[in-house]
Structures are given as structure tokens and as C-alpha cells.
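Coordinates from coords.pdb are shown below (PDB, C-alpha atoms).
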```pdb
ATOM      1  CA  MET A   1      13.364  -0.524 -26.139
ATOM      2  CA  GLU A   2      16.697  -0.732 -24.313
ATOM      3  CA  SER A   3      18.502   0.632 -27.379
ATOM      4  CA  PHE A   4      16.499   3.850 -27.626
ATOM      5  CA  PRO A   5      19.269   6.421 -28.078
ATOM      6  CA  ASP A   6      20.366   9.495 -26.143
ATOM      7  CA  ILE A   7      17.557   9.651 -23.622
ATOM      8  CA  THR A   8      18.123  10.442 -19.984
ATOM      9  CA  PRO A   9      15.425  10.754 -17.342
ATOM     10  CA  VAL A  10      14.333  14.271 -16.471
ATOM     11  CA  GLU A  11      15.415  15.566 -13.065
ATOM     12  CA  ARG A  12      12.802  16.124 -10.425
ATOM     13  CA  PRO A  13      12.874  17.402  -6.873
ATOM     14  CA  LEU A  14      11.920  15.355  -3.843
ATOM     15  CA  VAL A  15       8.293  15.654  -2.798
ATOM     16  CA  GLU A  16       8.007  18.600  -0.450
ATOM     17  CA  ALA A  17       4.479  19.919  -0.509
ATOM     18  CA  ILE A  18       2.188  17.737   1.563
ATOM     19  CA  GLU A  19      -1.439  18.508   2.011
ATOM     20  CA  ILE A  20      -3.139  18.048   5.340
ATOM     21  CA  LEU A  21      -3.844  14.395   6.037
ATOM     22  CA  ASP A  22      -7.319  13.232   6.942
ATOM     23  CA  PRO A  23      -8.643  10.116   8.701
ATOM     24  CA  SER A  24     -10.136   8.444   5.608
ATOM     25  CA  TRP A  25      -6.904   8.933   3.696
ATOM     26  CA  LEU A  26      -4.929   7.352   6.523
ATOM     27  CA  VAL A  27      -7.307   4.394   6.682
ATOM     28  CA  GLY A  28      -6.873   3.831   2.934
ATOM     29  CA  PHE A  29      -3.103   4.221   3.227
ATOM     30  CA  VAL A  30      -2.924   1.647   6.030
ATOM     31  CA  ASP A  31      -5.353  -0.678   4.198
ATOM     32  CA  GLY A  32      -2.950  -0.505   1.275
ATOM     33  CA  GLU A  33       0.443  -0.549   2.901
ATOM     34  CA  GLY A  34       0.240  -0.795   6.697
ATOM     35  CA  CYS A  35       1.024  -3.868   8.746
ATOM     36  CA  PHE A  36      -0.002  -4.774  12.270
ATOM     37  CA  HIS A  37       2.673  -6.965  13.809
ATOM     38  CA  VAL A  38       2.768  -9.003  16.990
ATOM     39  CA  GLU A  39       6.420  -9.731  17.700
ATOM     40  CA  ILE A  40       7.447 -12.440  20.176
ATOM     41  CA  PHE A  41      11.117 -12.733  20.994
ATOM     42  CA  LYS A  42      13.342 -14.376  23.564
ATOM     43  CA  SER A  43      14.047 -12.285  26.624
ATOM     44  CA  ILE A  44      16.080 -13.252  29.664
ATOM     45  CA  ALA A  45      14.397 -10.398  31.548
ATOM     46  CA  SER A  46      11.004 -12.130  31.351
ATOM     47  CA  LYS A  47       9.789 -14.931  33.618
ATOM     48  CA  THR A  48       8.287 -16.742  30.618
ATOM     49  CA  GLY A  49      11.524 -16.387  28.673
ATOM     50  CA  TYR A  50       9.765 -14.333  25.992
ATOM     51  CA  ALA A  51       8.736 -10.728  25.481
ATOM     52  CA  VAL A  52       5.893  -9.435  23.325
ATOM     53  CA  ASN A  53       5.954  -6.287  21.253
ATOM     54  CA  LEU A  54       3.260  -4.654  19.123
ATOM     55  CA  ARG A  55       4.123  -2.676  16.030
ATOM     56  CA  LEU A  56       2.181  -0.743  13.430
ATOM     57  CA  LYS A  57       4.509  -0.387  10.458
ATOM     58  CA  ILE A  58       4.134   1.426   7.165
ATOM     59  CA  ALA A  59       6.887   1.284   4.543
ATOM     60  CA  GLN A  60       7.278   3.610   1.579
ATOM     61  CA  GLY A  61       9.939   4.672  -0.889
ATOM     62  CA  ILE A  62      12.528   7.170   0.337
ATOM     63  CA  ARG A  63      10.885   9.957  -1.670
ATOM     64  CA  ASP A  64       7.988   9.877   0.764
ATOM     65  CA  SER A  65      10.098  10.781   3.819
ATOM     66  CA  HIS A  66       8.270  14.055   4.102
ATOM     67  CA  LEU A  67       4.862  12.385   3.951
ATOM     68  CA  MET A  68       5.950   9.836   6.552
ATOM     69  CA  ASN A  69       7.179  12.586   8.859
ATOM     70  CA  ASN A  70       3.802  14.205   8.480
ATOM     71  CA  LEU A  71       2.276  10.945   9.643
ATOM     72  CA  VAL A  72       4.223  11.264  12.903
ATOM     73  CA  LYS A  73       2.951  14.817  13.324
ATOM     74  CA  TYR A  74      -0.612  13.890  12.395
ATOM     75  CA  LEU A  75      -0.829  10.949  14.795
ATOM     76  CA  GLY A  76       1.382  12.475  17.469
ATOM     77  CA  CYS A  77       3.305   9.232  17.828
ATOM     78  CA  GLY A  78       5.589   6.846  15.997
ATOM     79  CA  ALA A  79       9.037   7.250  14.532
ATOM     80  CA  ILE A  80      10.638   7.242  11.108
ATOM     81  CA  ARG A  81      13.641   5.195  10.170
ATOM     82  CA  GLU A  82      15.309   5.411   6.786
ATOM     83  CA  ASP A  83      16.277   2.104   5.235
ATOM     84  CA  SER A  84      18.833   3.223   2.665
ATOM     85  CA  HIS A  85      19.613  -0.368   1.689
ATOM     86  CA  ASN A  86      16.086  -0.727   0.323
ATOM     87  CA  ASN A  87      15.716   2.933  -0.600
ATOM     88  CA  ALA A  88      12.759   2.992   1.776
ATOM     89  CA  VAL A  89      11.474   4.833   4.805
ATOM     90  CA  ASN A  90       9.654   2.999   7.589
ATOM     91  CA  PHE A  91       7.120   4.502   9.961
ATOM     92  CA  SER A  92       6.640   2.491  13.146
ATOM     93  CA  VAL A  93       4.652   2.830  16.330
ATOM     94  CA  THR A  94       5.871   0.444  19.035
ATOM     95  CA  LYS A  95       5.273   2.176  22.370
ATOM     96  CA  PHE A  96       2.441   0.307  24.018
ATOM     97  CA  LYS A  97       0.948   3.481  25.427
ATOM     98  CA  ASP A  98       0.823   5.086  21.969
ATOM     99  CA  ILE A  99      -0.723   1.969  20.452
ATOM    100  CA  TYR A 100      -3.330   1.711  23.176
ATOM    101  CA  GLN A 101      -4.162   5.382  23.534
ATOM    102  CA  ILE A 102      -3.701   6.706  19.986
ATOM    103  CA  ILE A 103      -3.624   3.983  17.320
ATOM    104  CA  MET A 104      -6.442   1.823  18.658
ATOM    105  CA  PRO A 105      -8.864   4.696  19.333
ATOM    106  CA  PHE A 106      -8.126   5.971  15.816
ATOM    107  CA  PHE A 107      -8.893   2.689  14.023
ATOM    108  CA  ASP A 108     -11.844   1.989  16.311
ATOM    109  CA  LYS A 109     -13.328   5.300  15.205
ATOM    110  CA  TYR A 110     -12.263   4.967  11.543
ATOM    111  CA  PRO A 111     -12.403   1.254  10.680
ATOM    112  CA  LEU A 112     -10.174  -0.384   8.098
ATOM    113  CA  LYS A 113     -12.096  -1.534   5.021
ATOM    114  CA  GLY A 114      -9.991  -4.457   3.798
ATOM    115  CA  SER A 115      -8.772  -7.700   5.313
ATOM    116  CA  LYS A 116      -6.281  -5.639   7.295
ATOM    117  CA  GLY A 117      -9.197  -5.104   9.620
ATOM    118  CA  LEU A 118      -8.846  -8.767  10.620
ATOM    119  CA  GLU A 119      -5.175  -8.211  11.458
ATOM    120  CA  TYR A 120      -6.135  -5.154  13.417
ATOM    121  CA  ALA A 121      -8.797  -7.052  15.394
ATOM    122  CA  ASP A 122      -6.221  -9.681  16.377
ATOM    123  CA  PHE A 123      -3.684  -6.991  17.171
ATOM    124  CA  CYS A 124      -6.239  -5.440  19.549
ATOM    125  CA  LYS A 125      -6.885  -8.789  21.233
ATOM    126  CA  VAL A 126      -3.173  -9.030  21.981
ATOM    127  CA  ALA A 127      -3.089  -5.418  23.158
ATOM    128  CA  ASP A 128      -5.987  -6.119  25.522
ATOM    129  CA  LEU A 129      -4.179  -9.179  26.897
ATOM    130  CA  MET A 130      -1.042  -7.096  27.380
ATOM    131  CA  LYS A 131      -3.020  -4.372  29.083
ATOM    132  CA  GLU A 132      -4.006  -7.037  31.639
ATOM    133  CA  LYS A 133      -0.355  -8.172  31.858
ATOM    134  CA  ALA A 134      -1.346 -11.590  30.506
ATOM    135  CA  HIS A 135       1.759 -11.674  28.289
ATOM    136  CA  LEU A 136       3.856 -12.080  31.449
ATOM    137  CA  THR A 137       2.320 -15.502  32.159
ATOM    138  CA  ASP A 138       2.746 -18.782  30.281
ATOM    139  CA  GLU A 139      -1.003 -19.059  29.634
ATOM    140  CA  GLY A 140      -1.279 -15.514  28.313
ATOM    141  CA  LEU A 141       1.793 -15.957  26.150
ATOM    142  CA  GLU A 142       0.288 -19.089  24.639
ATOM    143  CA  GLN A 143      -2.938 -17.217  23.882
ATOM    144  CA  ILE A 144      -0.932 -14.486  22.169
ATOM    145  CA  TRP A 145       1.017 -17.072  20.205
ATOM    146  CA  VAL A 146      -2.230 -18.634  18.940
ATOM    147  CA  ILE A 147      -3.492 -15.226  17.824
ATOM    148  CA  LYS A 148      -0.182 -14.380  16.157
ATOM    149  CA  LEU A 149      -0.182 -17.650  14.204
ATOM    150  CA  GLY A 150      -3.481 -16.698  12.590
ATOM    151  CA  MET A 151      -2.323 -13.236  11.512
ATOM    152  CA  ASN A 152      -0.847 -11.926   8.252
ATOM    153  CA  ARG A 153       0.772 -14.756   6.307
ATOM    154  CA  GLY A 154      -0.649 -17.322   8.685
ATOM    155  CA  ARG A 155      -4.129 -16.109   7.811
ATOM    156  CA  ASP A 156      -3.697 -16.899   4.122
ATOM    157  CA  HIS A 157      -3.171 -20.541   4.986
ATOM    158  CA  ASP A 158      -6.308 -21.039   7.106
TER
ATOM    159  CA  MET B   1       9.299 -20.088  19.183
ATOM    160  CA  GLU B   2       9.006 -22.702  16.405
ATOM    161  CA  SER B   3       8.769 -25.451  19.015
ATOM    162  CA  PHE B   4       5.731 -24.061  20.830
ATOM    163  CA  PRO B   5       3.564 -27.161  21.161
ATOM    164  CA  ASP B   6       0.065 -28.066  20.000
ATOM    165  CA  ILE B   7      -0.977 -24.714  18.638
ATOM    166  CA  THR B   8      -2.908 -24.304  15.410
ATOM    167  CA  PRO B   9      -4.145 -21.039  13.948
ATOM    168  CA  VAL B  10      -7.777 -20.187  14.522
ATOM    169  CA  GLU B  11     -10.035 -20.436  11.470
ATOM    170  CA  ARG B  12     -11.499 -17.282  10.062
ATOM    171  CA  PRO B  13     -13.822 -16.519   7.164
ATOM    172  CA  LEU B  14     -12.895 -14.470   4.114
ATOM    173  CA  VAL B  15     -13.646 -10.781   4.425
ATOM    174  CA  GLU B  16     -17.207 -10.222   3.230
ATOM    175  CA  ALA B  17     -18.565  -7.076   4.788
ATOM    176  CA  ILE B  18     -17.204  -4.003   3.028
ATOM    177  CA  GLU B  19     -18.267  -0.535   3.993
ATOM    178  CA  ILE B  20     -18.934   2.082   1.362
ATOM    179  CA  LEU B  21     -15.719   3.431  -0.088
ATOM    180  CA  ASP B  22     -15.023   7.142  -0.153
ATOM    181  CA  PRO B  23     -12.682   9.332  -2.214
ATOM    182  CA  SER B  24     -10.171  10.079   0.573
ATOM    183  CA  TRP B  25      -9.904   6.393   1.418
ATOM    184  CA  LEU B  26      -9.229   5.550  -2.227
ATOM    185  CA  VAL B  27      -6.562   8.255  -2.466
ATOM    186  CA  GLY B  28      -4.826   6.837   0.616
ATOM    187  CA  PHE B  29      -5.142   3.300  -0.725
ATOM    188  CA  VAL B  30      -3.584   4.281  -4.050
ATOM    189  CA  ASP B  31      -0.898   6.379  -2.290
ATOM    190  CA  GLY B  32      -0.042   3.227  -0.369
ATOM    191  CA  GLU B  33      -0.390   0.492  -2.927
ATOM    192  CA  GLY B  34      -1.359   1.812  -6.358
ATOM    193  CA  CYS B  35       0.946   2.070  -9.345
ATOM    194  CA  PHE B  36       0.641   4.182 -12.465
ATOM    195  CA  HIS B  37       2.330   2.376 -15.331
ATOM    196  CA  VAL B  38       3.257   3.488 -18.828
ATOM    197  CA  GLU B  39       3.859   0.329 -20.840
ATOM    198  CA  ILE B  40       5.686   0.453 -24.184
ATOM    199  CA  PHE B  41       5.830  -2.743 -26.171
ATOM    200  CA  LYS B  42       6.651  -3.897 -29.672
ATOM    201  CA  SER B  43       3.716  -3.956 -32.055
ATOM    202  CA  ILE B  44       3.740  -4.860 -35.707
ATOM    203  CA  ALA B  45       0.382  -3.113 -36.069
ATOM    204  CA  SER B  46       1.939   0.280 -35.303
ATOM    205  CA  LYS B  47       3.836   2.474 -37.794
ATOM    206  CA  THR B  48       6.460   3.257 -35.132
ATOM    207  CA  GLY B  49       6.867  -0.431 -34.288
ATOM    208  CA  TYR B  50       5.705   0.188 -30.712
ATOM    209  CA  ALA B  51       2.421   0.527 -28.897
ATOM    210  CA  VAL B  52       1.771   2.429 -25.666
ATOM    211  CA  ASN B  53      -0.541   1.340 -22.890
ATOM    212  CA  LEU B  54      -1.520   3.063 -19.660
ATOM    213  CA  ARG B  55      -2.369   1.077 -16.562
ATOM    214  CA  LEU B  56      -3.460   1.908 -13.034
ATOM    215  CA  LYS B  57      -2.764  -1.207 -10.994
ATOM    216  CA  ILE B  58      -3.467  -2.047  -7.371
ATOM    217  CA  ALA B  59      -2.390  -5.394  -5.900
ATOM    218  CA  GLN B  60      -3.659  -6.938  -2.672
ATOM    219  CA  GLY B  61      -3.771 -10.321  -0.988
ATOM    220  CA  ILE B  62      -6.416 -12.746  -2.208
ATOM    221  CA  ARG B  63      -8.486 -12.138   0.916
ATOM    222  CA  ASP B  64      -9.290  -8.680  -0.381
ATOM    223  CA  SER B  65     -11.033  -9.924  -3.546
ATOM    224  CA  HIS B  66     -14.310  -8.533  -2.281
ATOM    225  CA  LEU B  67     -12.795  -5.131  -1.547
ATOM    226  CA  MET B  68     -11.167  -5.068  -4.964
ATOM    227  CA  ASN B  69     -14.440  -5.945  -6.659
ATOM    228  CA  ASN B  70     -15.997  -3.062  -4.766
ATOM    229  CA  LEU B  71     -13.336  -0.844  -6.277
ATOM    230  CA  VAL B  72     -14.587  -1.796  -9.750
ATOM    231  CA  LYS B  73     -18.139  -0.960  -8.694
ATOM    232  CA  TYR B  74     -17.117   2.279  -7.003
ATOM    233  CA  LEU B  75     -15.087   3.578  -9.948
ATOM    234  CA  GLY B  76     -17.284   2.049 -12.619
ATOM    235  CA  CYS B  77     -14.259   0.762 -14.491
ATOM    236  CA  GLY B  78     -11.334  -1.616 -14.241
ATOM    237  CA  ALA B  79     -11.116  -5.361 -13.899
ATOM    238  CA  ILE B  80      -9.965  -7.856 -11.308
ATOM    239  CA  ARG B  81      -7.623 -10.698 -11.999
ATOM    240  CA  GLU B  82      -6.686 -13.275  -9.409
ATOM    241  CA  ASP B  83      -3.023 -14.213  -9.261
ATOM    242  CA  SER B  84      -3.164 -17.514  -7.424
ATOM    243  CA  HIS B  85       0.575 -18.048  -7.837
ATOM    244  CA  ASN B  86       1.219 -15.057  -5.580
ATOM    245  CA  ASN B  87      -1.981 -15.481  -3.574
ATOM    246  CA  ALA B  88      -2.917 -12.000  -4.770
ATOM    247  CA  VAL B  89      -5.657 -10.150  -6.569
ATOM    248  CA  ASN B  90      -4.874  -7.368  -9.033
ATOM    249  CA  PHE B  91      -7.146  -4.491  -9.941
ATOM    250  CA  SER B  92      -6.262  -2.843 -13.246
ATOM    251  CA  VAL B  93      -7.666  -0.077 -15.407
ATOM    252  CA  THR B  94      -6.211  -0.133 -18.924
ATOM    253  CA  LYS B  95      -8.933   1.175 -21.261
ATOM    254  CA  PHE B  96      -7.786   4.592 -22.388
ATOM    255  CA  LYS B  97     -11.318   5.981 -22.286
ATOM    256  CA  ASP B  98     -11.734   4.878 -18.641
ATOM    257  CA  ILE B  99      -8.366   6.325 -17.688
ATOM    258  CA  TYR B 100      -9.080   9.626 -19.392
ATOM    259  CA  GLN B 101     -12.714  10.017 -18.401
ATOM    260  CA  ILE B 102     -12.822   8.377 -14.956
ATOM    261  CA  ILE B 103      -9.391   7.894 -13.354
ATOM    262  CA  MET B 104      -7.881  11.260 -14.297
ATOM    263  CA  PRO B 105     -10.905  13.356 -13.308
ATOM    264  CA  PHE B 106     -10.976  11.472  -9.989
ATOM    265  CA  PHE B 107      -7.338  12.121  -9.080
ATOM    266  CA  ASP B 108      -7.500  15.665 -10.417
ATOM    267  CA  LYS B 109     -10.361  16.298  -7.997
ATOM    268  CA  TYR B 110      -8.833  14.274  -5.119
ATOM    269  CA  PRO B 111      -5.047  14.662  -5.375
ATOM    270  CA  LEU B 112      -2.592  12.027  -4.212
ATOM    271  CA  LYS B 113      -0.602  13.119  -1.162
ATOM    272  CA  GLY B 114       2.636  11.169  -1.563
ATOM    273  CA  SER B 115       5.286  10.888  -4.255
ATOM    274  CA  LYS B 116       2.801   8.805  -6.223
ATOM    275  CA  GLY B 117       1.446  12.198  -7.267
ATOM    276  CA  LEU B 118       4.613  12.633  -9.337
ATOM    277  CA  GLU B 119       3.965   9.319 -11.085
ATOM    278  CA  TYR B 120       0.408  10.385 -11.672
ATOM    279  CA  ALA B 121       1.479  13.729 -13.169
ATOM    280  CA  ASP B 122       3.759  11.926 -15.625
ATOM    281  CA  PHE B 123       1.054   9.378 -16.371
ATOM    282  CA  CYS B 124      -1.262  12.283 -17.270
ATOM    283  CA  LYS B 125       1.361  13.832 -19.540
ATOM    284  CA  VAL B 126       1.483  10.570 -21.467
ATOM    285  CA  ALA B 127      -2.316  10.337 -21.505
ATOM    286  CA  ASP B 128      -2.521  13.862 -22.939
ATOM    287  CA  LEU B 129       0.022  12.953 -25.637
ATOM    288  CA  MET B 130      -1.980   9.827 -26.450
ATOM    289  CA  LYS B 131      -5.189  11.837 -26.588
ATOM    290  CA  GLU B 132      -3.511  13.869 -29.352
ATOM    291  CA  LYS B 133      -2.364  10.616 -31.037
ATOM    292  CA  ALA B 134       1.270  11.638 -30.484
ATOM    293  CA  HIS B 135       2.163   8.075 -29.496
ATOM    294  CA  LEU B 136       1.635   7.058 -33.118
ATOM    295  CA  THR B 137       4.583   9.196 -34.261
ATOM    296  CA  ASP B 138       8.309   8.682 -33.651
ATOM    297  CA  GLU B 139       8.630  12.083 -31.952
ATOM    298  CA  GLY B 140       5.683  11.483 -29.654
ATOM    299  CA  LEU B 141       6.915   7.999 -28.803
ATOM    300  CA  GLU B 142      10.308   9.418 -27.868
ATOM    301  CA  GLN B 143       8.637  12.013 -25.624
ATOM    302  CA  ILE B 144       6.683   9.239 -23.924
ATOM    303  CA  TRP B 145       9.827   7.172 -23.516
ATOM    304  CA  VAL B 146      11.589  10.103 -21.795
ATOM    305  CA  ILE B 147       8.667  10.504 -19.404
ATOM    306  CA  LYS B 148       8.511   6.767 -18.702
ATOM    307  CA  LEU B 149      12.246   6.656 -17.885
ATOM    308  CA  GLY B 150      11.725   9.195 -15.112
ATOM    309  CA  MET B 151       8.835   7.319 -13.505
ATOM    310  CA  ASN B 152       8.668   4.801 -10.657
ATOM    311  CA  ARG B 153      12.043   3.110 -10.188
ATOM    312  CA  GLY B 154      13.676   5.488 -12.639
ATOM    313  CA  ARG B 155      12.644   8.367 -10.402
ATOM    314  CA  ASP B 156      14.544   6.992  -7.438
ATOM    315  CA  HIS B 157      17.786   7.227  -9.367
ATOM    316  CA  ASP B 158      17.509  10.891 -10.428
TER
END
```
Would you mind writing the file out in C-alpha cells?
Amino acid sequence: MESFPDITPVERPLVEAIEILDPSWLVGFVDGEGCFHVEIFKSIASKTGYAVNLRLKIAQGIRDSHLMNNLVKYLGCGAIREDSHNNAVNFSVTKFKDIYQIIMPFFDKYPLKGSKGLEYADFCKVADLMKEKAHLTDEGLEQIWVIKLGMNRGRDHD
Amino acid sequence: MESFPDITPVERPLVEAIEILDPSWLVGFVDGEGCFHVEIFKSIASKTGYAVNLRLKIAQGIRDSHLMNNLVKYLGCGAIREDSHNNAVNFSVTKFKDIYQIIMPFFDKYPLKGSKGLEYADFCKVADLMKEKAHLTDEGLEQIWVIKLGMNRGRDHD
């Protein structure tokens, strides 16, 4: 159909009107597109040589900037970063306090329905270890590393 | 961290327990991961030389097979196909009757919140044209082609 003549796409505005979000919608959205990450990276500031970071990330096309900003308002945490290279917008929550006091209570009250719930459970285990400062010790870091290895892609290869 | 010694991922079962789905969850799930496709392909059986097919597709990792099968039960339509090459499972609705009598009434009652609502609106325009058999004429096919060009990736380049 590449040769179909004289047709150009119609022009459409960006999406502006966003309805009020609700918990079930957000659970479905995160089941579909969210990702719970445990990030471990080298850090000279840490006694173990490594630092641990938790991240809830949701990526969408750039047209959903408005929706993603509404997510920040709805949850009262997180930040939006536009990724113009990929024509995408990323919502991330990385502050430990926000994860522990907002994200975890939310998903404890409104559970995920898909296998993302397994990622979330592991994510919480790491958060609990971090709450106890275990990530600052070699033993705790090793525990976190074991949990991380089983998450996301690692899980598919059990 | 590749050299962290003697650590193997913990073993976990596939996800089995799925809670009852609800409309808001499904809207969020489709906002996150669903795709409304208008497919136009060559067909010697058609007077215009082309056939038109509508498809709602949702892809997830293979671990969510159970959840995706629940989607079929919940909606009362659609089919699951495992894509072992990509370690994924695809839910698709392609029967016109199911799209027109189940999928469209559902999303008319429970609107999408993100830019996927724009895709859905275009998808419905094509469905309405097909309902009137317009896709069997050159003029109708051209109308559908114009709509299709503005959807999904085409939309991002308006």
C-alpha cells in the first residue's frame, strides 16, 4: 500500500483532557507498563563500594506527557523526564522516602494482578532491607544482589 | 557487579493466583500496553484488491499467560497466542463482531485515559465504516487508509 497516492495523515492535537485517575486504573497501567527496578552501582562514598537505588519507572510515548504529569499529581511523588531521542516520557520515583511511604502503601492496598506483583514483592524485600540499613553492609548487599538477580529478565530464566 | 561470586537467582513458580479483573484495571492495562491496529493487506478475494482487519492486541511476558487467559474469560472474546521466540504471550481480538459488540461498548463505557484514546477513536471510525461495508469500495478503503496513516506511529509525526 506504500504507493497509495496523495494521502497525508490528518492533524491532531496533543492529548490535553485527562480524566481523574483511580487506583484500579493505576494498577492496570503499572501491570501493563510499569517496572520495579533495583539498581546497584559502584560508589566510592559507600563502605561496601556499592550503592543501591530503588526505582518505579513507567515509560510512555511523548503524547502522554500530560497523563504522566497527572500521575505525579495523583501520587504526590515522582518526576517526569522527556526522552526526546525515543519520543518518550518517563515517570520515575526514586526517593526512598516516597517509595516507602507512598508507593508501597499504595500497592499493598491495591495489589498488582500480573507477574509484576512478583517484581513488586522482591522490590519490597529490598526496600525493607534498606530501611534497616542492610544495604550498607556486605551481607545485606549480597542479599539484595540475590533478590535483584531473580527479578525482571532474571525471572524469565528461572 | 558481574563478578559477584556464588550467587544464583532464587526459584519462583509461575503466577497462578489471579484476582478478579475490573473495568478500571483493564482500562489502565490497555492504556499501558494495549494497541489498536487497523491492518490493510492485499487480498485477491476483494474487489478493491485489499482487505481490512481490526485488531486489539496486548502483549505481555510469558509469565502472564494465566492473566491473559483471564482476559479472554473476562471479556468473553479474543484469543491467546504464545510467542516463545520473544518469551511473550499475545492477547488479540480480531473478529469484527467481537470488536463491535464487546470491545467498543466496553471502551465507550470505560474510556481510555491516555493518548491511546485517540487510537481507539480512529479504530472506531474504521469499525463504523466497515459496519457500513465501506471497506469494500475504493472510496471507503481510501478513507480507512487516511485514518490508519494518522494512527500509532503516524500520529507521533503529525
Exercise. Run the PyMOL selection byres ((chain B and resi 46-58) around 9) mentally over the shown coordinates, then write out the matched residues as a PyMOL selection string, using the chain letters and numbers from the document.
Key: (chain A and resi 1+32) or (chain B and resi 29-30+33-45+59-60+68+78+89-96+99+103+123+126-127+130+135-138+141+144)
Around all of range 130-142 of chain B's listed atoms, make the axis-aligned box with 4 Å on each side and tell me centre and edge lengths in Å to one decimal, as AutoDock Vina command-line options.
```
--center_x 2.6 --center_y 10.5 --center_z -30.4 --size_x 23.5 --size_y 14.8 --size_z 15.8
```
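For the atom pair formed by CA of Lys133 in chain A and CA of Glu119 in chain A, the distance is 21.0 Å, given to one decimal.
With distances restricted to all atoms listed in the file, B:Ser24 is the closest residue to chain A from B:Ser24, B:Asn70, B:Gln101, B:Gln143.
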For Asn87 in chain B: contacts at 9 Å, all atoms listed in the file, fewer than 5 positions along chain excluded, given as a short mmCIF file (atom, residue, chain, number, x, y, z; two decimals) with C-alpha atoms, in the coordinates of the input:
```
data_model
loop_
_atom_site.label_atom_id
_atom_site.label_comp_id
_atom_site.auth_asym_id
_atom_site.auth_seq_id
_atom_site.Cartn_x
_atom_site.Cartn_y
_atom_site.Cartn_z
CA ASP A 156 -3.70 -16.90 4.12
CA GLN B 60 -3.66 -6.94 -2.67
CA GLY B 61 -3.77 -10.32 -0.99
CA ILE B 62 -6.42 -12.75 -2.21
CA ARG B 63 -8.49 -12.14 0.92
CA GLU B 82 -6.69 -13.28 -9.41
#
```
